[in-house]
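One file, coords28.txt, is given below (compact mmCIF, C-alpha atoms and all ligand atoms).
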# COMPACT_ATOMS: atom_id res chain seq x y z
CA MET A 65 0.00 0.00 0.00
CA THR A 66 2.47 2.58 -1.23
CA LEU A 67 0.02 5.50 -1.24
CA THR A 68 -1.46 5.04 2.23
CA GLY A 69 -2.50 8.36 3.75
CA LYS A 70 -2.26 10.31 0.48
CA HIS A 71 -5.26 12.32 -0.71
CA ALA A 72 -5.75 11.86 -4.47
CA LEU A 73 -8.13 13.92 -6.61
CA VAL A 74 -9.27 12.58 -9.98
CA THR A 75 -11.38 14.88 -12.15
CA GLY A 76 -13.92 13.03 -14.28
CA GLY A 77 -13.45 10.19 -11.79
CA GLY A 78 -17.02 8.89 -11.93
CA THR A 79 -16.70 7.16 -15.30
CA GLY A 80 -14.34 5.43 -17.74
CA ILE A 81 -10.62 6.06 -17.42
CA GLY A 82 -11.04 8.35 -14.40
CA LEU A 83 -12.94 5.74 -12.42
CA ALA A 84 -10.34 3.08 -13.25
CA ILE A 85 -7.60 5.46 -12.05
CA ALA A 86 -9.51 6.30 -8.87
CA ARG A 87 -9.97 2.62 -8.05
CA ALA A 88 -6.32 1.79 -8.74
CA LEU A 89 -5.09 4.65 -6.53
CA GLN A 90 -7.48 3.53 -3.82
CA ASP A 91 -6.17 -0.06 -4.13
CA ALA A 92 -2.71 1.41 -3.54
CA GLY A 93 -3.94 2.96 -0.28
CA ALA A 94 -4.93 6.52 -1.24
CA GLU A 95 -8.08 8.35 -0.10
CA VAL A 96 -9.59 9.32 -3.44
CA THR A 97 -11.89 12.23 -4.29
CA ILE A 98 -13.68 11.88 -7.61
CA THR A 99 -15.17 14.91 -9.34
CA GLY A 100 -17.58 15.57 -12.19
CA ARG A 101 -20.76 17.47 -13.01
CA ARG A 102 -23.26 14.62 -12.56
CA ALA A 103 -23.83 14.11 -8.82
CA GLU A 104 -25.79 10.88 -9.33
CA ILE A 105 -23.02 9.20 -11.33
CA LEU A 106 -20.41 10.32 -8.81
CA GLU A 107 -22.39 9.15 -5.80
CA LYS A 108 -23.07 5.76 -7.38
CA ALA A 109 -19.39 5.23 -8.20
CA ALA A 110 -18.30 6.52 -4.80
CA SER A 111 -20.62 4.29 -2.79
CA ALA A 112 -19.79 1.22 -4.90
CA HIS A 113 -16.04 1.67 -4.52
CA GLY A 114 -15.44 3.61 -1.28
CA LEU A 115 -14.45 6.84 -3.04
CA HIS A 116 -15.38 10.44 -2.10
CA PRO A 117 -17.68 12.36 -4.51
CA GLN A 118 -17.34 16.08 -5.16
CA THR A 119 -19.41 17.84 -7.82
CA MET A 120 -17.36 20.33 -9.80
CA ASP A 121 -17.54 21.76 -13.32
CA VAL A 122 -14.00 22.14 -14.68
CA ARG A 123 -15.19 24.76 -17.20
CA ASP A 124 -16.02 27.08 -14.30
CA GLU A 125 -13.04 28.45 -12.35
CA ALA A 126 -15.10 29.23 -9.25
CA SER A 127 -16.55 25.72 -9.23
CA VAL A 128 -13.04 24.22 -9.39
CA VAL A 129 -11.73 26.47 -6.62
CA GLU A 130 -14.74 25.67 -4.40
CA GLY A 131 -14.73 21.94 -5.17
CA ILE A 132 -11.04 21.58 -4.39
CA ALA A 133 -11.31 23.72 -1.24
CA ALA A 134 -14.14 21.48 0.01
CA SER A 135 -12.11 18.33 -0.74
CA VAL A 136 -9.05 19.70 1.05
CA ALA A 137 -11.18 20.72 4.05
CA ALA A 138 -12.59 17.19 4.23
CA ARG A 139 -9.48 15.09 3.55
CA GLY A 140 -6.43 17.33 3.79
CA PRO A 141 -3.97 18.57 1.15
CA ILE A 142 -4.13 16.99 -2.27
CA GLN A 143 -0.90 15.09 -2.90
CA ILE A 144 -1.96 13.30 -6.08
CA CYS A 145 -3.74 15.37 -8.72
CA VAL A 146 -5.07 13.70 -11.86
CA PRO A 147 -6.66 16.16 -14.30
CA ASN A 148 -8.57 13.63 -16.39
CA ALA A 149 -11.93 15.30 -17.14
CA GLY A 150 -12.29 15.87 -20.83
CA ILE A 151 -14.51 15.94 -23.85
CA ALA A 152 -13.53 14.46 -27.20
CA GLU A 153 -15.38 15.25 -30.37
CA GLY A 154 -13.90 15.17 -33.83
CA ARG A 155 -14.88 18.07 -36.12
CA SER A 156 -13.40 19.34 -39.36
CA LEU A 157 -12.05 22.91 -39.35
CA SER A 158 -15.09 24.26 -41.18
CA LYS A 159 -17.39 22.72 -38.54
CA THR A 160 -15.24 23.96 -35.65
CA ASP A 161 -17.27 27.00 -34.69
CA THR A 162 -15.98 29.36 -32.02
CA ASP A 163 -18.32 28.00 -29.37
CA PHE A 164 -17.13 24.42 -29.93
CA TRP A 165 -13.48 25.54 -29.90
CA HIS A 166 -13.93 27.38 -26.59
CA ARG A 167 -15.91 24.51 -25.05
CA THR A 168 -13.14 22.05 -25.89
CA MET A 169 -10.38 24.34 -24.62
CA ALA A 170 -12.32 25.26 -21.47
CA THR A 171 -12.85 21.62 -20.52
CA ASN A 172 -9.60 20.00 -21.59
CA LEU A 173 -7.10 22.80 -20.99
CA ASP A 174 -8.52 25.60 -18.79
CA GLY A 175 -10.10 22.96 -16.54
CA ALA A 176 -6.80 21.13 -16.10
CA PHE A 177 -4.99 24.42 -15.42
CA TRP A 178 -7.49 25.51 -12.75
CA THR A 179 -7.45 22.04 -11.20
CA ILE A 180 -3.65 21.87 -11.02
CA ARG A 181 -3.30 25.44 -9.75
CA SER A 182 -5.84 24.90 -6.95
CA ALA A 183 -4.45 21.48 -6.03
CA MET A 184 -0.86 22.79 -5.96
CA ALA A 185 -1.77 25.43 -3.38
CA SER A 186 -2.46 22.60 -0.93
CA MET A 187 0.21 20.20 -2.25
CA LYS A 188 2.87 22.83 -1.60
CA THR A 189 2.12 22.62 2.12
CA THR A 190 3.37 18.99 2.04
CA ASP A 191 6.70 17.36 1.22
CA TRP A 192 5.58 15.08 -1.63
CA GLY A 193 3.24 15.32 -4.60
CA ARG A 194 2.39 13.98 -8.03
CA VAL A 195 0.48 15.52 -10.93
CA VAL A 196 -0.43 13.11 -13.73
CA ALA A 197 -2.52 14.61 -16.53
CA ILE A 198 -4.52 12.51 -18.96
CA SER A 199 -3.68 13.83 -22.39
CA SER A 200 -3.91 11.65 -25.52
CA ILE A 201 -1.79 10.53 -28.41
CA ALA A 202 -3.67 13.40 -30.09
CA GLY A 203 -1.58 15.60 -27.79
CA LEU A 204 1.61 14.26 -29.34
CA ARG A 205 0.58 14.04 -33.00
CA GLY A 206 -2.13 15.73 -35.01
CA LEU A 207 -5.35 13.70 -35.01
CA LYS A 208 -7.05 13.98 -38.39
CA GLY A 209 -10.48 15.61 -38.14
CA ALA A 210 -10.02 16.71 -34.52
CA ALA A 211 -8.14 20.02 -34.55
CA ALA A 212 -9.70 21.46 -31.39
CA TYR A 213 -9.27 18.26 -29.38
CA SER A 214 -5.72 17.79 -30.64
CA ALA A 215 -4.79 21.41 -29.84
CA SER A 216 -6.24 21.14 -26.32
CA LYS A 217 -4.34 17.93 -25.59
CA HIS A 218 -1.08 19.38 -27.02
CA GLY A 219 -1.63 22.38 -24.74
CA LEU A 220 -2.05 20.12 -21.73
CA ILE A 221 1.30 18.47 -22.43
CA GLY A 222 2.91 21.91 -22.76
CA LEU A 223 1.49 22.87 -19.37
CA ILE A 224 2.85 19.70 -17.75
CA ARG A 225 6.29 20.08 -19.32
CA ALA A 226 6.56 23.72 -18.24
CA LEU A 227 5.46 22.96 -14.66
CA SER A 228 8.00 20.14 -14.43
CA GLU A 229 10.67 22.73 -15.23
CA ASP A 230 9.24 25.26 -12.76
CA TYR A 231 9.27 22.70 -9.93
CA MET A 232 12.44 20.80 -10.94
CA GLY A 233 14.34 19.75 -7.81
CA SER A 234 11.21 19.97 -5.65
CA PRO A 235 9.38 16.90 -4.26
CA PHE A 236 6.62 17.38 -6.87
CA THR A 237 6.60 15.77 -10.32
CA PHE A 238 4.45 16.45 -13.38
CA ASN A 239 3.85 13.89 -16.10
CA ALA A 240 1.24 13.08 -18.73
CA VAL A 241 -0.23 9.80 -19.90
CA CYS A 242 -1.29 9.66 -23.54
CA PRO A 243 -3.81 6.93 -24.34
CA GLY A 244 -4.82 5.70 -27.76
CA TYR A 245 -8.40 4.45 -28.22
CA VAL A 246 -9.68 3.29 -24.81
CA ASP A 247 -12.94 1.40 -24.42
CA THR A 248 -15.13 4.03 -22.69
CA ASP A 249 -18.26 6.09 -23.37
CA ILE A 250 -16.15 8.57 -25.35
CA ILE A 251 -15.51 5.89 -27.96
CA THR A 252 -19.16 4.89 -28.05
CA ARG A 253 -20.17 8.54 -28.53
CA ASN A 254 -17.57 9.07 -31.25
CA VAL A 255 -18.37 6.04 -33.36
CA ASP A 256 -21.28 7.85 -35.00
CA ALA A 257 -19.23 10.98 -35.61
CA ILE A 258 -16.36 9.01 -37.09
CA SER A 259 -18.65 6.94 -39.28
CA ALA A 260 -20.31 10.12 -40.58
CA ARG A 261 -16.94 11.73 -41.22
CA ALA A 262 -15.43 8.71 -42.95
CA GLY A 263 -18.70 7.77 -44.70
CA VAL A 264 -18.74 4.26 -43.18
CA ASP A 265 -21.13 2.32 -40.92
CA ALA A 266 -20.71 2.16 -37.11
CA ASP A 267 -19.10 -1.31 -37.10
CA THR A 268 -16.54 -0.19 -39.65
CA ALA A 269 -15.85 2.99 -37.66
CA ARG A 270 -15.26 0.95 -34.51
CA SER A 271 -12.98 -1.46 -36.35
CA MET A 272 -10.97 1.51 -37.66
CA MET A 273 -10.16 2.33 -34.04
CA VAL A 274 -9.35 -1.28 -33.24
CA ASP A 275 -7.09 -1.49 -36.29
CA ALA A 276 -5.25 1.71 -35.29
CA ASN A 277 -3.91 -0.28 -32.33
CA ARG A 278 -1.23 -2.65 -33.59
CA HIS A 279 -2.43 -5.24 -31.05
CA LYS A 280 -5.82 -5.01 -32.81
CA ARG A 281 -7.98 -4.16 -29.81
CA LEU A 282 -9.25 -1.22 -27.82
CA ILE A 283 -7.25 -0.41 -24.70
CA ALA A 284 -8.78 -1.18 -21.29
CA PRO A 285 -9.17 1.74 -18.82
CA ASP A 286 -7.22 -0.34 -16.27
CA GLU A 287 -4.15 -0.22 -18.53
CA VAL A 288 -4.15 3.58 -18.34
CA ALA A 289 -4.77 3.40 -14.58
CA ALA A 290 -1.74 1.13 -14.13
CA ALA A 291 0.54 3.72 -15.75
CA VAL A 292 -0.89 6.51 -13.59
CA THR A 293 -0.45 4.45 -10.43
CA TRP A 294 3.16 3.71 -11.36
CA LEU A 295 3.78 7.42 -11.93
CA CYS A 296 2.42 8.04 -8.41
CA GLY A 297 4.54 5.32 -6.79
CA PRO A 298 8.10 5.28 -5.46
CA GLY A 299 9.57 3.62 -8.56
CA SER A 300 9.01 6.73 -10.66
CA ASP A 301 10.63 9.35 -8.42
CA SER A 302 13.03 10.37 -11.19
CA VAL A 303 10.40 10.58 -13.92
CA ASN A 304 9.44 14.22 -14.47
CA GLY A 305 8.07 16.17 -17.43
CA GLN A 306 7.48 12.98 -19.42
CA THR A 307 4.71 11.61 -21.61
CA ILE A 308 3.86 7.91 -21.60
CA GLU A 309 1.91 6.49 -24.53
CA ILE A 310 -0.58 3.73 -23.77
CA ALA A 311 -1.63 3.28 -27.35
CA GLY A 312 -0.73 -0.17 -28.64
CA GLY A 313 1.85 1.35 -30.96
CA GLN A 314 -0.74 3.55 -32.69
CA VAL A 315 0.93 5.93 -35.12
P1 LIG B 401 -15.70 9.59 -20.23
O1 LIG B 401 -16.66 10.35 -21.06
O2 LIG B 401 -16.15 8.37 -19.54
O3 LIG B 401 -15.05 10.56 -19.13
C1 LIG B 401 -15.03 11.94 -19.20
C2 LIG B 401 -15.23 12.45 -17.78
O4 LIG B 401 -14.98 13.86 -17.76
C3 LIG B 401 -16.63 12.21 -17.26
O5 LIG B 401 -16.57 11.60 -15.98
C4 LIG B 401 -17.25 13.59 -17.19
O6 LIG B 401 -18.12 13.70 -16.07
C5 LIG B 401 -16.01 14.46 -17.00
N1 LIG B 401 -16.24 15.80 -17.52
C6 LIG B 401 -16.47 16.18 -18.80
N2 LIG B 401 -16.70 17.50 -18.86
C7 LIG B 401 -16.60 17.96 -17.58
C8 LIG B 401 -16.75 19.23 -16.98
N3 LIG B 401 -17.06 20.32 -17.70
N4 LIG B 401 -16.56 19.34 -15.64
C9 LIG B 401 -16.27 18.25 -14.90
N5 LIG B 401 -16.11 17.02 -15.39
C10 LIG B 401 -16.29 16.89 -16.73
O7 LIG B 401 -14.47 9.26 -21.19
P2 LIG B 401 -12.99 8.74 -20.89
O8 LIG B 401 -12.91 8.07 -19.59
O9 LIG B 401 -12.57 8.02 -22.10
O10 LIG B 401 -12.16 10.12 -20.87
C11 LIG B 401 -11.31 10.51 -19.80
C12 LIG B 401 -10.14 11.32 -20.36
O11 LIG B 401 -9.33 10.46 -21.19
C13 LIG B 401 -10.54 12.51 -21.25
O12 LIG B 401 -9.73 13.62 -20.93
C14 LIG B 401 -10.21 12.03 -22.66
O13 LIG B 401 -9.89 13.07 -23.52
C15 LIG B 401 -9.00 11.13 -22.36
N6 LIG B 401 -8.74 10.18 -23.43
C16 LIG B 401 -9.67 9.22 -23.75
C17 LIG B 401 -9.41 8.33 -24.77
C18 LIG B 401 -10.38 7.25 -25.17
O14 LIG B 401 -10.19 6.65 -26.22
N7 LIG B 401 -11.41 6.95 -24.38
C19 LIG B 401 -8.16 8.39 -25.53
C20 LIG B 401 -7.24 9.43 -25.10
C21 LIG B 401 -7.54 10.28 -24.08
P3 LIG B 401 -19.47 14.59 -16.13
O15 LIG B 401 -20.01 14.47 -17.53
O16 LIG B 401 -20.36 14.01 -15.10
O17 LIG B 401 -19.04 15.97 -15.80

Can you give me the file's structure in the form of structure tokens?
Ligand code: NDP
Amino acid sequence: MTLTGKHALVTGGGTGIGLAIARALQDAGAEVTITGRRAEILEKAASAHGLHPQTMDVRDEASVVEGIAASVAARGPIQICVPNAGIAEGRSLSKTDTDFWHRTMATNLDGAFWTIRSAMASMKTTDWGRVVAISSIAGLRGLKGAAAYSASKHGLIGLIRALSEDYMGSPFTFNAVCPGYVDTDIITRNVDAISARAGVDADTARSMMVDANRHKRLIAPDEVAAAVTWLCGPGSDSVNGQTIEIAGGQV
């Protein structure tokens, strides 16, 4: 139980990758706060798995500040911060209207920034901390048909790399995990969009994602969670400012 006594906060922790991360951190001994907008989903996940729910909209700075303050008041300083909440929708440039662009940036980038900044204020009162952001392989390479998403996830990696420089030599590390196609609701929601974009049926769209992975399968949320847990454990003390791809060799 390497993380016993640590307070971890996972945004978007009520579903998919975030829930898998929350459960893995809890298995390693952490007290885990999960956040999201939908109280019912959070409460269900929290009571099923012994996690702590906190409603919070990452697109709203005041909501993030309040949500994190309430979590810190209840469970102490956040020592593990996982900005995971995100939206993923592919749109061509001509269909990327300003509202969609801002919505994507506000959720995937502003939200992560506000979360990290608020969490760091409490983490800095301790002598150990980890920030592990959930970016995407779309944050490392351009994802065709998803300019806004790709830009937001590139931005997130830039934020993590810069913070790792700012805090170099401190007891706090900053890394990003970059998944390929992971079997969650995001994939289910995107199948229709991808099939419309590529002019293929839903089964073909899904198999395009499976085929992108050189192991010919979607990735399980637990595989992403394992990487995050390792980045929060003692074996990764010297890993800072890095990106880890969990993508089955997708290029
Ligand atoms: P889910 O849709 O299951 O998870 C997204 C989570 O983010 C939900 O719990 C949602 O909760 C939360 N969220 C979204 N918007 C907001 C908001 N404004 N405020 C607070 N919480 C919000 O999909 P995944 O688990 O797949 O996605 C998790 C992360 O992984 C995302 O950042 C995604 O970009 C990234 N990722 C996913 C990949 C995949 O193939 N699945 C691949 C690469 C990266 P609620 O709606 O209740 O607010």

- Query: In Å, how far is it from atom CA of Gln90 of chain A to atom CA of Thr293 of chain A?
  - Reply: 9.7 Å

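Excluding segment 153-167 of chain A itself and any same-chain residue fewer than 6 positions from it, the protein and nucleic acid residues within 8 Å of it, counting all atoms listed in the file, are Arg123, Gly209, Ala210, Ala211, Ala212, Tyr213, Asn254, Ala257 and Ile258 of chain A.
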
- Message: I want to know what sits within 6 Å of segment 94-108 of chain A, based on only C-alpha atoms, with residues of the same chain fewer than 6 positions away left out; could you give that as a PyMOL selection string?
- Response: chain A and resi 67-78+115-121

- Message: What residues of the protein or nucleic acid chains come within 6 Å of ligand LIG 401 (chain B) when you use all atoms listed in the file? Reply as a PyMOL selection string.
- Response: chain A and resi 76-82+100-102+120-123+148-152+171+198-200+243-251

- Task: Kindly give the distance, in Å, that separates atom CA of Ala185 of chain A and atom CA of Gly222 of chain A, rounded to a single decimal.
- Result: 20.2 Å

- Note on the structure: atom CA of Ser186 of chain A sits from atom CA of Phe236 of chain A at a separation of 12.0 Å

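Nearest residue to Ala86 of chain A among A:His279, A:His113, A:Arg139, A:Arg181 is A:His113, counting all atoms listed in the file.
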
- Residue with smallest distance to Asp275 of chain A - pool A:Leu223, A:Val128, A:Val303, A:Ala311, counting all atoms listed in the file: A:Ala311

Compile a residue-level contact table for segment 292-313 of chain A against segment 189-197 of chain A at a cut-off of 10 Å, reporting for every qualifying residue the shortest atom pair and its distance in Å to one decimal, with all atoms listed in the file counted, rows ordered by chain and ascending number, as CSV.
residue,atom,partner,partner_atom,distance
A:Val292,CA,A:Val196,CA,6.6
A:Thr293,CA,A:Val196,CA,9.3
A:Leu295,CA,A:Val196,CA,7.3
A:Cys296,CA,A:Arg194,CA,6.0
A:Gly297,CA,A:Arg194,CA,9.0
A:Asp301,CA,A:Arg194,CA,9.5
A:Asn304,CA,A:Arg194,CA,9.6
A:Gly305,CA,A:Val196,CA,9.8
A:Gln306,CA,A:Val196,CA,9.7
A:Thr307,CA,A:Ala197,CA,9.3

Residue selection dump (C-alpha atoms) as a PDB file, keeping the file's coordinate frame:
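Contents of part.pdb, as written:
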ATOM      1  CA  VAL A 292      -0.890   6.510 -13.590  1.00  0.00           C
ATOM      2  CA  THR A 293      -0.450   4.450 -10.430  1.00  0.00           C
ATOM      3  CA  LEU A 295       3.780   7.420 -11.930  1.00  0.00           C
ATOM      4  CA  CYS A 296       2.420   8.040  -8.410  1.00  0.00           C
ATOM      5  CA  GLY A 297       4.540   5.320  -6.790  1.00  0.00           C
ATOM      6  CA  ASP A 301      10.630   9.350  -8.420  1.00  0.00           C
ATOM      7  CA  ASN A 304       9.440  14.220 -14.470  1.00  0.00           C
ATOM      8  CA  GLY A 305       8.070  16.170 -17.430  1.00  0.00           C
ATOM      9  CA  GLN A 306       7.480  12.980 -19.420  1.00  0.00           C
ATOM     10  CA  THR A 307       4.710  11.610 -21.610  1.00  0.00           C
TER      11      THR A 307
END

- Given all atoms listed in the file as the counted atoms, nearest of A:Ser111, A:Thr237, A:Thr168, A:Ser216 to Leu204 of chain A: A:Ser216

- Query: Smallest atom-to-atom distance to Leu89 of chain A: which of A:Val288, A:Gly312, A:Val264, A:Met272, using only C-alpha atoms?
  - Reply: A:Val288

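The list of residues with at least one atom within 8 Å of Ile308 of chain A, based on all atoms listed in the file and without residues fewer than 6 positions apart in the same chain, reads Ala240, Val241, Cys242 and Ala291 of chain A.
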
Which centre and which edge lengths, in Å to one decimal, describe the axis-aligned box that holds all listed atoms of segment 261-275 of chain A after 4 Å is added on each side, as lines of an AutoDock Vina configuration file?
center_x = -14.1
center_y = 5.1
center_z = -39.0
size_x = 22.0
size_y = 21.2
size_z = 19.5

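Using only C-alpha atoms, the contacts of Asp174 of chain A at a cut-off of 9 Å, with sequence neighbours closer than 3 positions omitted, comprise Val122, Arg123, Asp124, Glu125, Met169, Ala170, Thr171, Phe177, Trp178, Thr179 and Leu220 of chain A.
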
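In this comparison, which uses all atoms listed in the file, the residue of A:Ile224, A:Leu282, A:Val146, A:Val136 approaching Thr252 of chain A most closely is A:Leu282.
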
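Checking A:Ala92, A:Ala289, A:Ser300, A:Arg87 one by one against Ala112 of chain A, counting only C-alpha atoms, you find the shortest gap at A:Arg87.
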